[in-house]
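Content type mmCIF, C-alpha atoms, from the file coords36.cif:
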data_start
#
loop_
_atom_site.group_PDB
_atom_site.id
_atom_site.type_symbol
_atom_site.label_atom_id
_atom_site.label_comp_id
_atom_site.auth_asym_id
_atom_site.auth_seq_id
_atom_site.Cartn_x
_atom_site.Cartn_y
_atom_site.Cartn_z
ATOM 1 C CA MET K 1 95.417 35.014 131.691
ATOM 2 C CA GLN K 2 95.227 36.028 128.048
ATOM 3 C CA LEU K 3 91.959 37.363 126.642
ATOM 4 C CA PRO K 4 90.674 34.460 124.506
ATOM 5 C CA ILE K 5 90.139 34.580 120.764
ATOM 6 C CA LEU K 6 86.492 33.894 119.878
ATOM 7 C CA SER K 7 85.012 33.374 116.433
ATOM 8 C CA THR K 8 81.962 32.862 114.259
ATOM 9 C CA GLU K 9 81.914 31.422 110.744
ATOM 10 C CA GLN K 10 83.133 34.704 109.223
ATOM 11 C CA LEU K 11 84.299 36.895 112.101
ATOM 12 C CA VAL K 12 86.947 36.853 114.814
ATOM 13 C CA LEU K 13 87.000 38.530 118.213
ATOM 14 C CA ARG K 14 90.635 38.897 119.260
ATOM 15 C CA PRO K 15 92.578 41.006 121.750
ATOM 16 C CA ILE K 16 93.235 44.578 120.648
ATOM 17 C CA THR K 17 96.946 45.243 120.138
ATOM 18 C CA GLU K 18 99.233 48.070 119.052
ATOM 19 C CA LYS K 19 98.855 46.934 115.417
ATOM 20 C CA ASP K 20 95.256 48.202 115.686
ATOM 21 C CA THR K 21 96.266 51.783 116.519
ATOM 22 C CA ALA K 22 95.506 53.277 113.090
ATOM 23 C CA ALA K 23 92.248 51.344 112.709
ATOM 24 C CA LEU K 24 91.092 52.370 116.213
ATOM 25 C CA PHE K 25 91.909 55.975 115.440
ATOM 26 C CA SER K 26 89.896 55.718 112.220
ATOM 27 C CA LEU K 27 86.960 54.188 114.129
ATOM 28 C CA PHE K 28 86.873 56.571 117.081
ATOM 29 C CA SER K 29 87.659 59.713 115.072
ATOM 30 C CA LYS K 30 84.282 59.449 113.336
ATOM 31 C CA GLU K 31 81.592 61.626 114.936
ATOM 32 C CA GLU K 32 78.859 59.220 113.808
ATOM 33 C CA VAL K 33 80.568 56.409 115.774
ATOM 34 C CA THR K 34 81.085 58.364 119.015
ATOM 35 C CA ARG K 35 77.793 60.322 118.826
ATOM 36 C CA TYR K 36 76.093 58.196 121.497
ATOM 37 C CA MET K 37 79.242 57.243 123.419
ATOM 38 C CA ASP K 38 80.742 58.784 126.533
ATOM 39 C CA ILE K 39 83.911 59.755 124.644
ATOM 40 C CA ASP K 40 84.576 62.577 122.222
ATOM 41 C CA ALA K 41 85.712 61.733 118.716
ATOM 42 C CA PHE K 42 89.474 61.222 118.652
ATOM 43 C CA SER K 43 91.510 64.070 117.217
ATOM 44 C CA ASN K 44 94.980 62.620 117.820
ATOM 45 C CA ILE K 45 96.356 59.122 117.218
ATOM 46 C CA THR K 46 97.837 59.057 120.728
ATOM 47 C CA GLU K 47 94.253 58.710 121.987
ATOM 48 C CA ALA K 48 94.081 55.369 120.152
ATOM 49 C CA THR K 49 97.324 54.259 121.819
ATOM 50 C CA GLN K 50 95.938 55.266 125.211
ATOM 51 C CA ILE K 51 92.685 53.370 124.752
ATOM 52 C CA ILE K 52 94.589 50.212 123.774
ATOM 53 C CA THR K 53 96.485 50.467 127.071
ATOM 54 C CA TYR K 54 93.211 51.143 128.887
ATOM 55 C CA PHE K 55 91.536 48.040 127.403
ATOM 56 C CA ARG K 56 94.554 45.873 128.294
ATOM 57 C CA GLU K 57 94.630 47.178 131.882
ATOM 58 C CA ARG K 58 90.889 46.534 132.366
ATOM 59 C CA TRP K 59 91.443 42.875 131.451
ATOM 60 C CA GLU K 60 94.576 42.528 133.606
ATOM 61 C CA LYS K 61 92.671 43.956 136.581
ATOM 62 C CA GLN K 62 89.645 41.779 135.769
ATOM 63 C CA GLU K 63 87.436 44.865 135.427
ATOM 64 C CA GLY K 64 86.390 44.366 131.805
ATOM 65 C CA MET K 65 87.440 43.195 128.363
ATOM 66 C CA ARG K 66 87.324 44.474 124.797
ATOM 67 C CA TRP K 67 87.908 42.590 121.564
ATOM 68 C CA ALA K 68 88.790 43.760 118.073
ATOM 69 C CA ILE K 69 86.215 42.609 115.532
ATOM 70 C CA THR K 70 87.863 41.369 112.336
ATOM 71 C CA PHE K 71 86.942 39.205 109.362
ATOM 72 C CA LYS K 72 88.574 35.761 109.261
ATOM 73 C CA ASP K 73 90.062 36.433 105.850
ATOM 74 C CA LYS K 74 91.315 39.938 106.711
ATOM 75 C CA ASP K 75 92.801 40.656 110.132
ATOM 76 C CA GLU K 76 91.880 44.351 110.211
ATOM 77 C CA LEU K 77 89.807 45.888 112.996
ATOM 78 C CA VAL K 78 86.361 47.019 111.799
ATOM 79 C CA GLY K 79 84.905 47.543 115.261
ATOM 80 C CA THR K 80 85.116 46.478 118.875
ATOM 81 C CA CYS K 81 82.876 44.817 121.392
ATOM 82 C CA GLY K 82 83.270 43.834 124.964
ATOM 83 C CA PHE K 83 82.342 44.477 128.538
ATOM 84 C CA HIS K 84 83.143 46.951 131.291
ATOM 85 C CA HIS K 85 82.068 47.755 134.834
ATOM 86 C CA TRP K 86 82.515 44.108 135.821
ATOM 87 C CA ASN K 87 80.869 43.737 139.224
ATOM 88 C CA LYS K 88 81.954 40.404 140.676
ATOM 89 C CA THR K 89 79.932 40.850 143.864
ATOM 90 C CA HIS K 90 76.696 41.017 141.895
ATOM 91 C CA TYR K 91 77.757 38.759 138.962
ATOM 92 C CA LYS K 92 77.070 41.409 136.339
ATOM 93 C CA ILE K 93 78.826 43.336 133.614
ATOM 94 C CA GLU K 94 78.020 46.069 131.069
ATOM 95 C CA LEU K 95 78.077 45.498 127.295
ATOM 96 C CA GLY K 96 79.589 47.962 124.822
ATOM 97 C CA TYR K 97 80.174 47.859 121.069
ATOM 98 C CA ASP K 98 80.993 50.027 118.053
ATOM 99 C CA LEU K 99 81.541 49.541 114.341
ATOM 100 C CA LEU K 100 82.844 51.457 111.357
ATOM 101 C CA PRO K 101 79.851 53.005 109.535
ATOM 102 C CA ALA K 102 80.679 51.135 106.311
ATOM 103 C CA TYR K 103 79.737 47.914 108.146
ATOM 104 C CA TRP K 104 76.518 49.103 109.805
ATOM 105 C CA GLY K 105 73.396 47.069 109.028
ATOM 106 C CA LYS K 106 75.292 43.982 107.850
ATOM 107 C CA GLY K 107 74.555 41.745 110.851
ATOM 108 C CA ILE K 108 78.068 41.894 112.298
ATOM 109 C CA MET K 109 77.004 42.739 115.858
ATOM 110 C CA THR K 110 74.126 40.258 115.686
ATOM 111 C CA SER K 111 76.775 37.639 114.907
ATOM 112 C CA VAL K 112 79.573 38.526 117.372
ATOM 113 C CA ILE K 113 77.717 39.666 120.492
ATOM 114 C CA PRO K 114 76.208 36.202 121.142
ATOM 115 C CA VAL K 115 79.738 34.734 121.077
ATOM 116 C CA ALA K 116 80.891 37.323 123.619
ATOM 117 C CA LEU K 117 77.793 36.668 125.739
ATOM 118 C CA LYS K 118 78.530 32.938 125.729
ATOM 119 C CA PHE K 119 81.989 33.714 127.116
ATOM 120 C CA VAL K 120 80.742 35.838 130.026
ATOM 121 C CA TYR K 121 77.926 33.468 130.933
ATOM 122 C CA ASP K 122 79.806 30.177 130.514
ATOM 123 C CA GLU K 123 83.409 31.062 131.375
ATOM 124 C CA LEU K 124 82.983 33.934 133.839
ATOM 125 C CA GLN K 125 79.747 32.559 135.304
ATOM 126 C CA LEU K 126 78.017 35.946 135.276
ATOM 127 C CA ASN K 127 74.277 36.292 135.785
ATOM 128 C CA ARG K 128 73.405 39.671 134.270
ATOM 129 C CA VAL K 129 74.587 41.688 131.279
ATOM 130 C CA GLU K 130 73.466 45.310 131.106
ATOM 131 C CA ALA K 131 73.551 47.814 128.274
ATOM 132 C CA PHE K 132 72.916 51.546 128.560
ATOM 133 C CA VAL K 133 71.678 53.129 125.336
ATOM 134 C CA ASP K 134 70.966 56.723 124.410
ATOM 135 C CA PRO K 135 67.197 56.853 123.744
ATOM 136 C CA LEU K 136 67.941 58.443 120.355
ATOM 137 C CA ASN K 137 70.087 55.473 119.292
ATOM 138 C CA GLU K 138 67.285 53.438 117.733
ATOM 139 C CA ALA K 139 69.624 51.053 115.888
ATOM 140 C CA SER K 140 71.276 49.968 119.122
ATOM 141 C CA SER K 141 67.905 49.492 120.815
ATOM 142 C CA ARG K 142 66.703 47.292 117.923
ATOM 143 C CA LEU K 143 69.918 45.251 118.061
ATOM 144 C CA LEU K 144 69.537 44.544 121.765
ATOM 145 C CA GLY K 145 65.903 43.543 121.244
ATOM 146 C CA ARG K 146 66.917 41.067 118.522
ATOM 147 C CA LEU K 147 69.489 39.601 120.916
ATOM 148 C CA GLY K 148 66.882 38.966 123.613
ATOM 149 C CA PHE K 149 67.674 41.884 125.911
ATOM 150 C CA ARG K 150 64.759 43.374 127.822
ATOM 151 C CA HIS K 151 64.145 47.084 128.127
ATOM 152 C CA GLU K 152 63.921 47.832 131.853
ATOM 153 C CA GLY K 153 63.239 51.541 131.586
ATOM 154 C CA MET K 154 64.773 54.931 131.035
ATOM 155 C CA LEU K 155 67.115 56.509 133.558
ATOM 156 C CA ARG K 156 66.683 60.274 133.442
ATOM 157 C CA ASP K 157 69.877 62.358 133.421
ATOM 158 C CA ALA K 158 71.763 59.134 134.121
ATOM 159 C CA PHE K 159 75.153 60.289 132.849
ATOM 160 C CA PHE K 160 77.052 63.540 132.415
ATOM 161 C CA GLU K 161 78.649 63.306 128.971
ATOM 162 C CA LYS K 162 80.190 65.879 126.702
ATOM 163 C CA GLY K 163 79.141 68.739 128.967
ATOM 164 C CA LYS K 164 75.502 67.778 129.512
ATOM 165 C CA PHE K 165 73.272 65.326 131.329
ATOM 166 C CA VAL K 166 71.881 62.552 129.152
ATOM 167 C CA ASP K 167 69.144 59.987 129.610
ATOM 168 C CA ALA K 168 69.868 56.279 129.202
ATOM 169 C CA ASP K 169 67.635 53.357 128.327
ATOM 170 C CA LEU K 170 68.616 50.348 130.429
ATOM 171 C CA TYR K 171 68.548 46.909 128.817
ATOM 172 C CA SER K 172 69.488 43.610 130.432
ATOM 173 C CA LEU K 173 69.829 39.950 129.617
ATOM 174 C CA LEU K 174 69.857 37.451 132.468
ATOM 175 C CA ARG K 175 71.654 34.129 132.322
ATOM 176 C CA ARG K 176 68.381 32.154 132.496
ATOM 177 C CA GLU K 177 66.986 34.180 129.572
ATOM 178 C CA TYR K 178 70.192 33.651 127.599
ATOM 179 C CA ASP K 179 70.065 29.904 128.315
ATOM 180 C CA ARG K 180 66.451 29.780 127.175
ATOM 181 C CA GLU K 181 67.226 31.766 123.978
ATOM 182 C CA THR K 182 70.175 29.563 123.004
ATOM 183 C CA ILE K 183 68.070 26.382 123.208
ATOM 184 C CA TRP K 184 66.184 27.554 120.100
ATOM 185 C CA GLN K 185 69.217 28.568 118.040
#

So that I can check it, write out the structure of this file as structure tokens.
Amino acid sequence: MQLPILSTEQLVLRPITEKDTAALFSLFSKEEVTRYMDIDAFSNITEATQIITYFRERWEKQEGMRWAITFKDKDELVGTCGFHHWNKTHYKIELGYDLLPAYWGKGIMTSVIPVALKFVYDELQLNRVEAFVDPLNEASSRLLGRLGFRHEGMLRDAFFEKGKFVDADLYSLLRREYDRETIWQ
């Protein structure tokens, strides 16, 4: 099964392909993009090639999915969003997203994440979407709040990243909350 193409009025979520290698390298080579992520900033373009393969394999194994975020009028990757740690037994999945700094604060994630959420709730029939956020990443916390996610608490030393233990704020959005939120949109 092919990862579907999703869209809003101005944006497209499409599968990430080899044509995105340079754009992915540009995205993930920026320290400000990877600061709160569990990966180091890319230093070699082969890392972009490897992550494209990784994203494709996650979808093929039904373990996750990641889309390129592009504008409808310009098919160039400006960020990615998607899901990982797909737990079919418990009907849940984890949300992840990133964006080139030039596009921060322009409402792009506020626009595309609901489309991705609709896919996992309606098509995959999941019940829970989780997001783990570094407590210092205030912009991400605000975004999740705007999207209806609830802060469940902070997990102390939840992950070992970049040589140190880091805390993580846990956010979630349940299907019934999503259904209730979409009634008013």

Chain and number of each residue from the PyMOL selection byres ((chain K and resi 162-175) around 6), as a list in words:
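Here the PyMOL selection byres ((chain K and resi 162-175) around 6) matches Asn127, Arg128, Val129, Glu130, Ala131, Phe132, Val133, Asp134, Pro135, Phe149, Arg150, His151, Glu152, Gly153, Met154, Leu155, Arg156, Asp157, Ala158, Phe159, Phe160, Glu161, Arg176, Glu177 and Tyr178 of chain K.
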
Those same residues, written as an mmCIF file, in the coordinates of the input with C-alpha atoms?
data_model
loop_
_atom_site.group_PDB
_atom_site.id
_atom_site.type_symbol
_atom_site.label_atom_id
_atom_site.label_comp_id
_atom_site.auth_asym_id
_atom_site.auth_seq_id
_atom_site.Cartn_x
_atom_site.Cartn_y
_atom_site.Cartn_z
ATOM 1 C CA ASN K 127 74.277 36.292 135.785
ATOM 2 C CA ARG K 128 73.405 39.671 134.270
ATOM 3 C CA VAL K 129 74.587 41.688 131.279
ATOM 4 C CA GLU K 130 73.466 45.310 131.106
ATOM 5 C CA ALA K 131 73.551 47.814 128.274
ATOM 6 C CA PHE K 132 72.916 51.546 128.560
ATOM 7 C CA VAL K 133 71.678 53.129 125.336
ATOM 8 C CA ASP K 134 70.966 56.723 124.410
ATOM 9 C CA PRO K 135 67.197 56.853 123.744
ATOM 10 C CA PHE K 149 67.674 41.884 125.911
ATOM 11 C CA ARG K 150 64.759 43.374 127.822
ATOM 12 C CA HIS K 151 64.145 47.084 128.127
ATOM 13 C CA GLU K 152 63.921 47.832 131.853
ATOM 14 C CA GLY K 153 63.239 51.541 131.586
ATOM 15 C CA MET K 154 64.773 54.931 131.035
ATOM 16 C CA LEU K 155 67.115 56.509 133.558
ATOM 17 C CA ARG K 156 66.683 60.274 133.442
ATOM 18 C CA ASP K 157 69.877 62.358 133.421
ATOM 19 C CA ALA K 158 71.763 59.134 134.121
ATOM 20 C CA PHE K 159 75.153 60.289 132.849
ATOM 21 C CA PHE K 160 77.052 63.540 132.415
ATOM 22 C CA GLU K 161 78.649 63.306 128.971
ATOM 23 C CA ARG K 176 68.381 32.154 132.496
ATOM 24 C CA GLU K 177 66.986 34.180 129.572
ATOM 25 C CA TYR K 178 70.192 33.651 127.599
#

Within 10 Å of (87.8, 59.1, 116.1), all atoms listed in the file: residues as a PyMOL selection string?
chain K and resi 23-34+39-45+47-48

Export C-alpha atoms of the chosen residues as an mmCIF file, in the coordinates of the input?
data_model
loop_
_atom_site.group_PDB
_atom_site.id
_atom_site.type_symbol
_atom_site.label_atom_id
_atom_site.label_comp_id
_atom_site.auth_asym_id
_atom_site.auth_seq_id
_atom_site.Cartn_x
_atom_site.Cartn_y
_atom_site.Cartn_z
ATOM 1 C CA ALA K 23 92.248 51.344 112.709
ATOM 2 C CA LEU K 24 91.092 52.370 116.213
ATOM 3 C CA PHE K 25 91.909 55.975 115.440
ATOM 4 C CA SER K 26 89.896 55.718 112.220
ATOM 5 C CA LEU K 27 86.960 54.188 114.129
ATOM 6 C CA PHE K 28 86.873 56.571 117.081
ATOM 7 C CA SER K 29 87.659 59.713 115.072
ATOM 8 C CA LYS K 30 84.282 59.449 113.336
ATOM 9 C CA GLU K 31 81.592 61.626 114.936
ATOM 10 C CA GLU K 32 78.859 59.220 113.808
ATOM 11 C CA VAL K 33 80.568 56.409 115.774
ATOM 12 C CA THR K 34 81.085 58.364 119.015
ATOM 13 C CA ILE K 39 83.911 59.755 124.644
ATOM 14 C CA ASP K 40 84.576 62.577 122.222
ATOM 15 C CA ALA K 41 85.712 61.733 118.716
ATOM 16 C CA PHE K 42 89.474 61.222 118.652
ATOM 17 C CA SER K 43 91.510 64.070 117.217
ATOM 18 C CA ASN K 44 94.980 62.620 117.820
ATOM 19 C CA ILE K 45 96.356 59.122 117.218
ATOM 20 C CA GLU K 47 94.253 58.710 121.987
ATOM 21 C CA ALA K 48 94.081 55.369 120.152
#

Give as number ranges by chain every residue, naming chains and numbers as the document does, that has an atom within 12 Å of (90.3, 47.1, 111.2), counting all atoms listed in the file.
K: 11-14, 16-28, 67-80, 98-100, 102-103

Name every residue that the PyMOL selection byres ((chain K and resi 93) around 7) selects in this structure, writing the answer as a list in words with chains first and numbers rising.
Phe83, His84, His85, Trp86, Asn87, Lys92, Glu94, Leu95, Arg128, Val129 and Glu130 of chain K

Atom CA of Thr8 of chain K and atom CA of Ser111 of chain K, how far apart in Å?
7.1 Å

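With distances restricted to all atoms listed in the file, K:Pro114 is the closest residue to Ser7 of chain K from K:Gly82, K:Gly64, K:Pro101, K:Pro114.
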